[in-house]
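Text of my_file_20.pdb, listed as PDB, C-alpha atoms and all ligand atoms:
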ATOM      1  CA  MET A   1      30.728 -35.311 110.360  1.00  0.00           C
ATOM      2  CA  LEU A   2      28.148 -37.814 111.608  1.00  0.00           C
ATOM      3  CA  ARG A   3      30.503 -38.759 114.425  1.00  0.00           C
ATOM      4  CA  ALA A   4      30.893 -35.102 115.444  1.00  0.00           C
ATOM      5  CA  LEU A   5      27.112 -34.670 115.446  1.00  0.00           C
ATOM      6  CA  LYS A   6      26.714 -37.752 117.639  1.00  0.00           C
ATOM      7  CA  GLN A   7      29.275 -36.372 120.088  1.00  0.00           C
ATOM      8  CA  ARG A   8      27.400 -33.066 120.231  1.00  0.00           C
ATOM      9  CA  ALA A   9      24.142 -34.897 120.855  1.00  0.00           C
ATOM     10  CA  THR A  10      25.755 -36.873 123.708  1.00  0.00           C
ATOM     11  CA  PHE A  11      27.041 -33.633 125.176  1.00  0.00           C
ATOM     12  CA  ILE A  12      23.709 -31.827 124.996  1.00  0.00           C
ATOM     13  CA  LYS A  13      21.951 -34.816 126.582  1.00  0.00           C
ATOM     14  CA  GLN A  14      24.453 -34.910 129.450  1.00  0.00           C
ATOM     15  CA  PHE A  15      24.174 -31.139 129.892  1.00  0.00           C
ATOM     16  CA  THR A  16      20.403 -31.400 130.318  1.00  0.00           C
ATOM     17  CA  THR A  17      20.573 -34.339 132.746  1.00  0.00           C
ATOM     18  CA  ARG A  18      23.829 -33.549 134.589  1.00  0.00           C
ATOM     19  CA  PHE A  19      24.256 -29.809 134.272  1.00  0.00           C
ATOM     20  CA  GLU A  20      26.480 -29.275 137.333  1.00  0.00           C
ATOM     21  CA  THR A  21      29.221 -31.656 136.243  1.00  0.00           C
ATOM     22  CA  THR A  22      28.886 -31.274 132.450  1.00  0.00           C
ATOM     23  CA  GLY A  23      29.060 -27.491 132.748  1.00  0.00           C
ATOM     24  CA  SER A  24      28.579 -26.657 129.080  1.00  0.00           C
ATOM     25  CA  LEU A  25      26.116 -27.231 126.276  1.00  0.00           C
ATOM     26  CA  PHE A  26      28.747 -27.949 123.621  1.00  0.00           C
ATOM     27  CA  PRO A  27      32.129 -29.655 123.530  1.00  0.00           C
ATOM     28  CA  SER A  28      35.108 -27.293 123.262  1.00  0.00           C
ATOM     29  CA  SER A  29      36.305 -26.144 119.829  1.00  0.00           C
ATOM     30  CA  ARG A  30      39.553 -27.195 118.156  1.00  0.00           C
ATOM     31  CA  PHE A  31      40.845 -23.655 118.752  1.00  0.00           C
ATOM     32  CA  LEU A  32      40.401 -24.088 122.483  1.00  0.00           C
ATOM     33  CA  ALA A  33      41.974 -27.551 122.251  1.00  0.00           C
ATOM     34  CA  LYS A  34      44.994 -26.045 120.490  1.00  0.00           C
ATOM     35  CA  SER A  35      45.415 -23.349 123.100  1.00  0.00           C
ATOM     36  CA  ILE A  36      45.057 -25.627 126.114  1.00  0.00           C
ATOM     37  CA  THR A  37      47.677 -28.026 124.692  1.00  0.00           C
ATOM     38  CA  ARG A  38      50.162 -25.229 123.884  1.00  0.00           C
ATOM     39  CA  TYR A  39      52.796 -26.364 126.398  1.00  0.00           C
ATOM     40  CA  LEU A  40      52.242 -30.039 125.674  1.00  0.00           C
ATOM     41  CA  SER A  41      52.993 -29.324 122.014  1.00  0.00           C
ATOM     42  CA  GLU A  42      56.371 -27.870 123.098  1.00  0.00           C
ATOM     43  CA  ARG A  43      57.279 -30.995 125.044  1.00  0.00           C
ATOM     44  CA  LYS A  44      60.749 -32.536 125.049  1.00  0.00           C
ATOM     45  CA  GLU A  45      61.498 -35.881 123.408  1.00  0.00           C
ATOM     46  CA  SER A  46      61.765 -37.816 126.699  1.00  0.00           C
ATOM     47  CA  PRO A  47      58.663 -39.748 127.861  1.00  0.00           C
ATOM     48  CA  ILE A  48      56.064 -37.727 129.738  1.00  0.00           C
ATOM     49  CA  ARG A  49      53.227 -38.400 132.150  1.00  0.00           C
ATOM     50  CA  LEU A  50      50.002 -36.577 131.321  1.00  0.00           C
ATOM     51  CA  LEU A  51      46.682 -36.359 133.151  1.00  0.00           C
ATOM     52  CA  GLU A  52      43.498 -35.145 131.454  1.00  0.00           C
ATOM     53  CA  CYS A  53      40.657 -34.248 133.836  1.00  0.00           C
ATOM     54  CA  GLY A  54      37.076 -34.248 132.530  1.00  0.00           C
ATOM     55  CA  PRO A  55      37.716 -35.257 128.882  1.00  0.00           C
ATOM     56  CA  GLY A  56      33.974 -35.466 128.070  1.00  0.00           C
ATOM     57  CA  THR A  57      33.562 -36.644 124.473  1.00  0.00           C
ATOM     58  CA  GLY A  58      37.262 -36.012 123.774  1.00  0.00           C
ATOM     59  CA  ALA A  59      37.552 -32.471 122.362  1.00  0.00           C
ATOM     60  CA  PHE A  60      41.019 -32.040 123.932  1.00  0.00           C
ATOM     61  CA  THR A  61      41.860 -35.744 123.747  1.00  0.00           C
ATOM     62  CA  ASN A  62      41.579 -35.582 119.961  1.00  0.00           C
ATOM     63  CA  ARG A  63      44.502 -33.165 119.909  1.00  0.00           C
ATOM     64  CA  ILE A  64      46.416 -34.736 122.802  1.00  0.00           C
ATOM     65  CA  VAL A  65      46.609 -38.125 121.042  1.00  0.00           C
ATOM     66  CA  ARG A  66      48.447 -36.404 118.170  1.00  0.00           C
ATOM     67  CA  LEU A  67      51.094 -35.031 120.547  1.00  0.00           C
ATOM     68  CA  LEU A  68      51.884 -38.237 122.417  1.00  0.00           C
ATOM     69  CA  GLN A  69      54.835 -40.482 121.727  1.00  0.00           C
ATOM     70  CA  PRO A  70      55.655 -44.122 122.477  1.00  0.00           C
ATOM     71  CA  GLY A  71      56.664 -44.527 126.131  1.00  0.00           C
ATOM     72  CA  ASP A  72      54.395 -41.737 127.408  1.00  0.00           C
ATOM     73  CA  THR A  73      51.766 -42.311 130.094  1.00  0.00           C
ATOM     74  CA  TYR A  74      48.325 -40.793 129.535  1.00  0.00           C
ATOM     75  CA  HIS A  75      45.630 -40.965 132.209  1.00  0.00           C
ATOM     76  CA  LEU A  76      42.073 -39.703 131.669  1.00  0.00           C
ATOM     77  CA  VAL A  77      39.779 -39.140 134.676  1.00  0.00           C
ATOM     78  CA  GLU A  78      36.080 -38.839 133.834  1.00  0.00           C
ATOM     79  CA  LEU A  79      33.152 -39.430 136.176  1.00  0.00           C
ATOM     80  CA  ASN A  80      30.344 -39.641 133.604  1.00  0.00           C
ATOM     81  CA  GLU A  81      29.836 -43.203 132.297  1.00  0.00           C
ATOM     82  CA  SER A  82      28.290 -42.026 128.987  1.00  0.00           C
ATOM     83  CA  PHE A  83      31.383 -39.978 128.225  1.00  0.00           C
ATOM     84  CA  VAL A  84      33.596 -42.900 129.241  1.00  0.00           C
ATOM     85  CA  GLN A  85      31.764 -45.101 126.704  1.00  0.00           C
ATOM     86  CA  THR A  86      32.309 -42.496 123.980  1.00  0.00           C
ATOM     87  CA  LEU A  87      36.015 -42.222 124.833  1.00  0.00           C
ATOM     88  CA  LYS A  88      36.477 -46.011 124.799  1.00  0.00           C
ATOM     89  CA  ARG A  89      34.792 -46.209 121.409  1.00  0.00           C
ATOM     90  CA  ARG A  90      37.025 -43.501 120.002  1.00  0.00           C
ATOM     91  CA  PHE A  91      40.168 -45.310 121.252  1.00  0.00           C
ATOM     92  CA  GLU A  92      38.924 -48.429 119.430  1.00  0.00           C
ATOM     93  CA  GLU A  93      37.792 -46.809 116.178  1.00  0.00           C
ATOM     94  CA  GLU A  94      39.772 -43.667 115.319  1.00  0.00           C
ATOM     95  CA  PRO A  95      43.278 -44.084 113.832  1.00  0.00           C
ATOM     96  CA  HIS A  96      45.083 -41.338 115.821  1.00  0.00           C
ATOM     97  CA  TRP A  97      43.467 -42.612 119.000  1.00  0.00           C
ATOM     98  CA  GLN A  98      44.253 -46.250 118.215  1.00  0.00           C
ATOM     99  CA  ALA A  99      47.919 -45.324 117.754  1.00  0.00           C
ATOM    100  CA  VAL A 100      48.234 -44.371 121.451  1.00  0.00           C
ATOM    101  CA  ALA A 101      45.599 -46.682 122.926  1.00  0.00           C
ATOM    102  CA  ASP A 102      48.318 -48.683 124.754  1.00  0.00           C
ATOM    103  CA  THR A 103      49.563 -45.502 126.384  1.00  0.00           C
ATOM    104  CA  ALA A 104      46.138 -44.349 127.576  1.00  0.00           C
ATOM    105  CA  GLN A 105      44.151 -45.450 130.606  1.00  0.00           C
ATOM    106  CA  ILE A 106      40.657 -44.179 131.442  1.00  0.00           C
ATOM    107  CA  PHE A 107      39.620 -43.941 135.094  1.00  0.00           C
ATOM    108  CA  GLU A 108      35.865 -43.680 135.628  1.00  0.00           C
ATOM    109  CA  THR A 109      35.986 -41.817 138.913  1.00  0.00           C
ATOM    110  CA  PRO A 110      35.667 -38.273 140.291  1.00  0.00           C
ATOM    111  CA  LEU A 111      38.994 -36.465 140.251  1.00  0.00           C
ATOM    112  CA  GLN A 112      38.745 -35.786 143.988  1.00  0.00           C
ATOM    113  CA  GLU A 113      38.934 -39.549 144.611  1.00  0.00           C
ATOM    114  CA  PHE A 114      41.705 -40.274 142.134  1.00  0.00           C
ATOM    115  CA  GLN A 115      44.999 -41.365 143.720  1.00  0.00           C
ATOM    116  CA  PRO A 116      47.760 -41.688 141.116  1.00  0.00           C
ATOM    117  CA  ALA A 117      50.892 -43.635 142.041  1.00  0.00           C
ATOM    118  CA  GLU A 118      53.204 -41.028 140.454  1.00  0.00           C
ATOM    119  CA  LYS A 119      53.139 -37.334 139.632  1.00  0.00           C
ATOM    120  CA  TYR A 120      52.570 -35.793 136.175  1.00  0.00           C
ATOM    121  CA  ASP A 121      54.473 -33.464 133.851  1.00  0.00           C
ATOM    122  CA  PHE A 122      51.231 -32.051 132.427  1.00  0.00           C
ATOM    123  CA  ILE A 123      47.678 -31.719 133.678  1.00  0.00           C
ATOM    124  CA  ILE A 124      45.016 -30.568 131.216  1.00  0.00           C
ATOM    125  CA  SER A 125      41.679 -29.922 132.825  1.00  0.00           C
ATOM    126  CA  GLY A 126      38.239 -29.438 131.317  1.00  0.00           C
ATOM    127  CA  LEU A 127      36.467 -29.487 134.679  1.00  0.00           C
ATOM    128  CA  PRO A 128      33.669 -26.922 135.156  1.00  0.00           C
ATOM    129  CA  HIS A 129      35.319 -25.244 138.177  1.00  0.00           C
ATOM    130  CA  VAL A 130      32.717 -22.488 138.554  1.00  0.00           C
ATOM    131  CA  ASN A 131      29.996 -25.072 139.213  1.00  0.00           C
ATOM    132  CA  PHE A 132      31.778 -26.659 142.163  1.00  0.00           C
ATOM    133  CA  PRO A 133      31.095 -25.845 145.808  1.00  0.00           C
ATOM    134  CA  PRO A 134      34.044 -23.769 147.145  1.00  0.00           C
ATOM    135  CA  VAL A 135      35.263 -26.574 149.448  1.00  0.00           C
ATOM    136  CA  LEU A 136      35.442 -28.995 146.521  1.00  0.00           C
ATOM    137  CA  LEU A 137      37.130 -26.422 144.286  1.00  0.00           C
ATOM    138  CA  GLU A 138      39.802 -25.846 146.936  1.00  0.00           C
ATOM    139  CA  GLN A 139      40.405 -29.607 147.072  1.00  0.00           C
ATOM    140  CA  MET A 140      40.667 -29.736 143.268  1.00  0.00           C
ATOM    141  CA  THR A 141      43.145 -26.872 142.921  1.00  0.00           C
ATOM    142  CA  ALA A 142      45.277 -28.326 145.742  1.00  0.00           C
ATOM    143  CA  ALA A 143      45.067 -31.765 144.081  1.00  0.00           C
ATOM    144  CA  TYR A 144      46.351 -30.390 140.746  1.00  0.00           C
ATOM    145  CA  PHE A 145      49.537 -29.145 142.336  1.00  0.00           C
ATOM    146  CA  ARG A 146      49.938 -32.197 144.569  1.00  0.00           C
ATOM    147  CA  MET A 147      49.812 -34.339 141.416  1.00  0.00           C
ATOM    148  CA  LEU A 148      52.240 -32.183 139.376  1.00  0.00           C
ATOM    149  CA  LYS A 149      55.996 -32.688 139.277  1.00  0.00           C
ATOM    150  CA  PRO A 150      58.119 -29.607 140.100  1.00  0.00           C
ATOM    151  CA  GLY A 151      58.098 -27.465 136.969  1.00  0.00           C
ATOM    152  CA  GLY A 152      55.034 -29.324 135.650  1.00  0.00           C
ATOM    153  CA  MET A 153      52.287 -27.463 133.762  1.00  0.00           C
ATOM    154  CA  CYS A 154      48.600 -27.296 134.600  1.00  0.00           C
ATOM    155  CA  SER A 155      46.306 -25.842 131.920  1.00  0.00           C
ATOM    156  CA  TYR A 156      42.569 -25.288 132.298  1.00  0.00           C
ATOM    157  CA  PHE A 157      39.899 -23.046 130.815  1.00  0.00           C
ATOM    158  CA  GLU A 158      37.024 -20.905 131.981  1.00  0.00           C
ATOM    159  CA  TYR A 159      34.317 -19.135 130.008  1.00  0.00           C
ATOM    160  CA  MET A 160      34.984 -15.408 129.685  1.00  0.00           C
ATOM    161  CA  HIS A 161      33.208 -13.262 132.272  1.00  0.00           C
ATOM    162  CA  LEU A 162      30.937 -16.162 133.271  1.00  0.00           C
ATOM    163  CA  LEU A 163      31.647 -15.701 136.966  1.00  0.00           C
ATOM    164  CA  ARG A 164      30.952 -11.970 136.776  1.00  0.00           C
ATOM    165  CA  ILE A 165      27.705 -12.529 134.843  1.00  0.00           C
ATOM    166  CA  ARG A 166      26.517 -15.267 137.200  1.00  0.00           C
ATOM    167  CA  LYS A 167      27.409 -13.125 140.233  1.00  0.00           C
ATOM    168  CA  SER A 168      25.344 -10.235 138.914  1.00  0.00           C
ATOM    169  CA  ILE A 169      22.220 -12.315 138.179  1.00  0.00           C
ATOM    170  CA  SER A 170      22.303 -14.705 141.143  1.00  0.00           C
ATOM    171  CA  LEU A 171      20.448 -14.517 144.423  1.00  0.00           C
ATOM    172  CA  ARG A 172      22.424 -13.621 147.522  1.00  0.00           C
ATOM    173  CA  GLY A 173      23.373 -17.190 148.618  1.00  0.00           C
ATOM    174  CA  ALA A 174      24.528 -18.161 145.146  1.00  0.00           C
ATOM    175  CA  ARG A 175      26.323 -14.824 144.806  1.00  0.00           C
ATOM    176  CA  ARG A 176      28.290 -15.541 147.969  1.00  0.00           C
ATOM    177  CA  ARG A 177      29.317 -18.929 146.537  1.00  0.00           C
ATOM    178  CA  MET A 178      30.395 -17.350 143.234  1.00  0.00           C
ATOM    179  CA  HIS A 179      32.404 -14.779 145.150  1.00  0.00           C
ATOM    180  CA  LYS A 180      34.280 -17.535 146.998  1.00  0.00           C
ATOM    181  CA  VAL A 181      34.830 -19.506 143.785  1.00  0.00           C
ATOM    182  CA  ASN A 182      36.214 -16.379 142.148  1.00  0.00           C
ATOM    183  CA  SER A 183      38.643 -15.697 144.968  1.00  0.00           C
ATOM    184  CA  ILE A 184      39.877 -19.338 145.026  1.00  0.00           C
ATOM    185  CA  LEU A 185      40.581 -19.239 141.273  1.00  0.00           C
ATOM    186  CA  GLN A 186      42.162 -15.781 141.437  1.00  0.00           C
ATOM    187  CA  ASN A 187      44.388 -16.847 144.296  1.00  0.00           C
ATOM    188  CA  PHE A 188      45.375 -20.001 142.391  1.00  0.00           C
ATOM    189  CA  CYS A 189      46.268 -17.945 139.305  1.00  0.00           C
ATOM    190  CA  SER A 190      48.090 -15.198 141.181  1.00  0.00           C
ATOM    191  CA  GLN A 191      50.414 -17.788 142.726  1.00  0.00           C
ATOM    192  CA  TYR A 192      51.212 -19.933 139.720  1.00  0.00           C
ATOM    193  CA  ARG A 193      49.962 -18.457 136.426  1.00  0.00           C
ATOM    194  CA  ILE A 194      52.490 -17.915 133.675  1.00  0.00           C
ATOM    195  CA  ARG A 195      50.123 -17.128 130.820  1.00  0.00           C
ATOM    196  CA  ARG A 196      46.471 -16.461 129.982  1.00  0.00           C
ATOM    197  CA  GLU A 197      45.139 -16.802 126.444  1.00  0.00           C
ATOM    198  CA  SER A 198      41.817 -15.611 125.038  1.00  0.00           C
ATOM    199  CA  VAL A 199      40.048 -18.005 122.685  1.00  0.00           C
ATOM    200  CA  TRP A 200      37.229 -16.274 120.804  1.00  0.00           C
ATOM    201  CA  MET A 201      36.508 -19.178 118.460  1.00  0.00           C
ATOM    202  CA  ASN A 202      34.605 -21.205 121.032  1.00  0.00           C
ATOM    203  CA  VAL A 203      30.999 -21.231 122.230  1.00  0.00           C
ATOM    204  CA  PRO A 204      31.148 -19.375 124.535  1.00  0.00           C
ATOM    205  CA  PRO A 205      34.578 -17.670 124.187  1.00  0.00           C
ATOM    206  CA  ALA A 206      37.032 -18.794 126.835  1.00  0.00           C
ATOM    207  CA  TRP A 207      40.220 -17.959 128.690  1.00  0.00           C
ATOM    208  CA  VAL A 208      42.890 -20.605 128.949  1.00  0.00           C
ATOM    209  CA  GLN A 209      44.981 -20.418 132.103  1.00  0.00           C
ATOM    210  CA  HIS A 210      48.458 -21.960 132.118  1.00  0.00           C
ATOM    211  CA  LEU A 211      50.016 -22.462 135.555  1.00  0.00           C
ATOM    212  CA  SER A 212      53.434 -23.807 136.406  1.00  0.00           C
ATOM    213  CA  SER A 213      54.332 -25.760 139.503  1.00  0.00           C
ATOM    214  CA  PRO A 214      57.321 -24.236 141.345  1.00  0.00           C
ATOM    215  CA  GLY A 215      60.700 -25.944 141.440  1.00  0.00           C
ATOM    216  CA  GLY A 216      61.456 -26.800 137.786  1.00  0.00           C
ATOM    217  CA  ASP A 217      64.721 -25.918 135.984  1.00  0.00           C
TER     218      ASP A 217
HETATM  219  C1  LIG B 301      32.838 -28.656 130.444  1.00  0.00           C
HETATM  220  S1  LIG B 301      32.908 -30.428 130.212  1.00  0.00           S
HETATM  221  C2  LIG B 301      34.443 -30.461 129.275  1.00  0.00           C
HETATM  222  C3  LIG B 301      34.557 -31.659 128.369  1.00  0.00           C
HETATM  223  C4  LIG B 301      35.705 -31.584 127.363  1.00  0.00           C
HETATM  224  N1  LIG B 301      36.990 -31.493 128.031  1.00  0.00           N
HETATM  225  C5  LIG B 301      35.536 -30.387 126.445  1.00  0.00           C
HETATM  226  O1  LIG B 301      36.248 -29.395 126.675  1.00  0.00           O
HETATM  227  O2  LIG B 301      34.698 -30.454 125.532  1.00  0.00           O
HETATM  228  C6  LIG B 301      33.354 -30.985 131.843  1.00  0.00           C
HETATM  229  C7  LIG B 301      33.742 -32.449 131.962  1.00  0.00           C
HETATM  230  O3  LIG B 301      34.222 -32.704 133.283  1.00  0.00           O
HETATM  231  C8  LIG B 301      33.623 -33.905 133.796  1.00  0.00           C
HETATM  232  N2  LIG B 301      33.648 -33.799 135.266  1.00  0.00           N
HETATM  233  C9  LIG B 301      32.940 -32.906 136.023  1.00  0.00           C
HETATM  234  N3  LIG B 301      33.245 -33.048 137.318  1.00  0.00           N
HETATM  235  C10 LIG B 301      34.188 -34.030 137.391  1.00  0.00           C
HETATM  236  C11 LIG B 301      34.921 -34.618 138.460  1.00  0.00           C
HETATM  237  N4  LIG B 301      34.730 -34.238 139.734  1.00  0.00           N
HETATM  238  N5  LIG B 301      35.817 -35.592 138.178  1.00  0.00           N
HETATM  239  C12 LIG B 301      36.007 -36.000 136.887  1.00  0.00           C
HETATM  240  N6  LIG B 301      35.348 -35.482 135.830  1.00  0.00           N
HETATM  241  C13 LIG B 301      34.449 -34.505 136.065  1.00  0.00           C
HETATM  242  C14 LIG B 301      32.253 -33.911 133.157  1.00  0.00           C
HETATM  243  O4  LIG B 301      31.624 -35.168 133.194  1.00  0.00           O
HETATM  244  C15 LIG B 301      32.581 -33.405 131.758  1.00  0.00           C
HETATM  245  O5  LIG B 301      33.024 -34.455 130.952  1.00  0.00           O
END
Representation of the structure as structure tokens:
Amino acid sequence: MLRALKQRATFIKQFTTRFETTGSLFPSSRFLAKSITRYLSERKESPIRLLECGPGTGAFTNRIVRLLQPGDTYHLVELNESFVQTLKRRFEEEPHWQAVADTAQIFETPLQEFQPAEKYDFIISGLPHVNFPPVLLEQMTAAYFRMLKPGGMCSYFEYMHLLRIRKSISLRGARRRMHKVNSILQNFCSQYRIRRESVWMNVPPAWVQHLSSPGGD
């Protein structure tokens, strides 16, 4: 309970100081974590490679660690050093996290600069896509699929109707940016999406997008 409160406080502090990259006032709920890990929870027995982008204080990580098995590879890419400290502490202190600590590696770097040696079976992303400049967002969406194996799954979330709301209240320049962001994400989904889920039990409610890389069996 106290730990959860501390994580919330860390999140709120980072939101107020680094709004663009933190993207949200609260960590995601366990309902959102369950939805975004849907395909991971249906994994096969053989070892997998998993990338988590923007883990923050570990709302998704806390579920992911329960779905990992010995022999898996789990990479976490997080640019905010405060969040990295929280994640490291959780891997040291919490039993489910400790159990897979040997499997997990945290990279304190922006995703756009991350160069993995091998591709992944799963990518789970908590990045605040709607806050990114369109050029960066295009790089990110291309990077997801460059880093996925054929047939691999990429799952991310977005807050319901946020783009539409921000478009309607923004000034013209910002509106143009939101329009571009919207069309990049729509294009990404129309090519690769296999499922969209609505998660109401989250502040704010969110859609989870599941996309599959072409070429699997
Ligand atoms: C909306 S928060 C999500 C945190 C957590 N996954 C959750 O759902 O509660 C976005 C996270 O992405 C991280 N982030 C933002 N831009 C990033 C980038 N370019 N590379 C890596 N991490 C980034 C932020 O520091 C933050 O931890």
Would you write out, as a ChimeraX atom specification, every residue that the PyMOL selection byres (((not hetatm)) within 6 of (chain B and resi 301)) captures in this file? /A:21-24,27-28,53-56,58-60,77-80,110-111,126-128
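CA of Ala143 in chain A to CA of Ser41 in chain A spans 23.6 Å [interatomic distance, one decimal].
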Using the chain letters and numbers from this file, what does the PyMOL selection byres (((chain A and resi 31) around 9) and not hetatm) select? Give the answer as a PyMOL selection string. chain A and resi 28-30+32-36+199-202
Could you state which residues are captured by the PyMOL selection byres (((chain A and resi 3) around 12) and not hetatm) in this file, as a count of residues only? 16
Coordinates-based distance that separates CA of Met153 in chain A from CA of Thr61 in chain A (Å, one decimal):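 If I compute the distance from CA of Thr61 in chain A to CA of Met153 in chain A, I get 16.7 Å.
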Enter the distance from CA of Arg177 in chain A to CA of Arg193 in chain A, in Å, rounded to one decimal.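 Rounded to one decimal, the two atoms are 23.0 Å apart.
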Can you list, as a PyMOL selection string, every protein, DNA or RNA residue that comes within 12 Å of Tyr144 in chain A when you count all atoms listed in the file, leaving out same-chain residues fewer than 2 positions away? chain A and resi 50-53+111-112+114-116+119-125+127+137-142+146-150+152-156+188+192+211-213
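Environment of (31.5, -25.9, 146.8): residues at most 12 Å away, judged by all atoms listed in the file, are Glu20, Pro128, His129, Val130, Asn131, Phe132, Pro133, Pro134, Val135, Leu136, Leu137, Glu138, Gln139, Met140, Ala174, Arg176, Arg177, Met178, His179, Lys180, Val181, Asn182 and Ile184 of chain A.
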Compare A:Pro70, A:Glu158, A:Pro95, A:Arg166 by their minimum atom-to-atom distance to Arg196 in chain A, counting all atoms listed in the file, and give me the closest one. A:Glu158
Tell me which of A:Thr37, A:Ser198, A:Asn187, A:Ser82 sits closest to Arg63 in chain A, counting all atoms listed in the file.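 Selected residue with least distance to Arg63 in chain A: A:Thr37.
Distances from A:Cys189, A:His210, A:Leu76, A:Ile169 to Phe91 in chain A were compared using all atoms listed in the file, and the smallest one belongs to A:Leu76.
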Around all the atoms of range 22-29 of chain A listed in the file, with 6 Å of room on each side, what axis-aligned box do you get, giving centre and edge lengths in Å to one decimal, as JSON?
{"center_x": 31.2, "center_y": -28.7, "center_z": 126.3, "size_x": 22.2, "size_y": 17.1, "size_z": 24.9}
Using the partial input, fill out range 183-202 of chain A with N, CA and C atoms; write the result as a compact mmCIF listing (two decimals), keeping the file's coordinate frame.
# COMPACT_ATOMS: atom_id res chain seq x y z
N SER A 183 37.41 -16.01 144.24
CA SER A 183 38.64 -15.70 144.97
C SER A 183 39.57 -16.92 145.03
N ILE A 184 39.01 -18.14 145.05
CA ILE A 184 39.88 -19.34 145.03
C ILE A 184 40.65 -19.39 143.70
N LEU A 185 39.92 -19.15 142.59
CA LEU A 185 40.58 -19.24 141.27
C LEU A 185 41.59 -18.10 141.08
N GLN A 186 41.22 -16.91 141.57
CA GLN A 186 42.16 -15.78 141.44
C GLN A 186 43.43 -16.02 142.24
N ASN A 187 43.24 -16.56 143.44
CA ASN A 187 44.39 -16.85 144.30
C ASN A 187 45.29 -17.90 143.65
N PHE A 188 44.66 -18.92 143.08
CA PHE A 188 45.38 -20.00 142.39
C PHE A 188 46.21 -19.40 141.25
N CYS A 189 45.57 -18.54 140.45
CA CYS A 189 46.27 -17.94 139.30
C CYS A 189 47.37 -16.99 139.77
N SER A 190 47.08 -16.20 140.81
CA SER A 190 48.09 -15.20 141.18
C SER A 190 49.35 -15.88 141.71
N GLN A 191 49.22 -17.09 142.23
CA GLN A 191 50.41 -17.79 142.73
C GLN A 191 51.21 -18.44 141.60
N TYR A 192 50.52 -19.02 140.64
CA TYR A 192 51.21 -19.93 139.72
C TYR A 192 51.07 -19.62 138.23
N ARG A 193 50.23 -18.63 137.86
CA ARG A 193 49.96 -18.46 136.43
C ARG A 193 51.17 -17.90 135.68
N ILE A 194 51.43 -18.47 134.51
CA ILE A 194 52.49 -17.92 133.68
C ILE A 194 51.92 -17.30 132.39
N ARG A 195 50.69 -17.66 132.06
CA ARG A 195 50.12 -17.13 130.82
C ARG A 195 48.60 -17.31 130.80
N ARG A 196 47.91 -16.31 130.23
CA ARG A 196 46.47 -16.46 129.98
C ARG A 196 46.21 -16.16 128.52
N GLU A 197 45.45 -17.03 127.86
CA GLU A 197 45.14 -16.80 126.44
C GLU A 197 43.63 -16.64 126.28
N SER A 198 43.24 -15.78 125.36
CA SER A 198 41.82 -15.61 125.04
C SER A 198 41.50 -16.42 123.79
N VAL A 199 40.46 -17.22 123.86
CA VAL A 199 40.05 -18.00 122.68
C VAL A 199 38.63 -17.56 122.32
N TRP A 200 38.54 -16.81 121.23
CA TRP A 200 37.23 -16.27 120.80
C TRP A 200 36.45 -17.29 120.00
N MET A 201 37.18 -18.20 119.33
CA MET A 201 36.51 -19.18 118.46
C MET A 201 36.08 -20.38 119.29
N ASN A 202 35.17 -20.15 120.19
CA ASN A 202 34.60 -21.20 121.03
C ASN A 202 33.24 -20.72 121.49
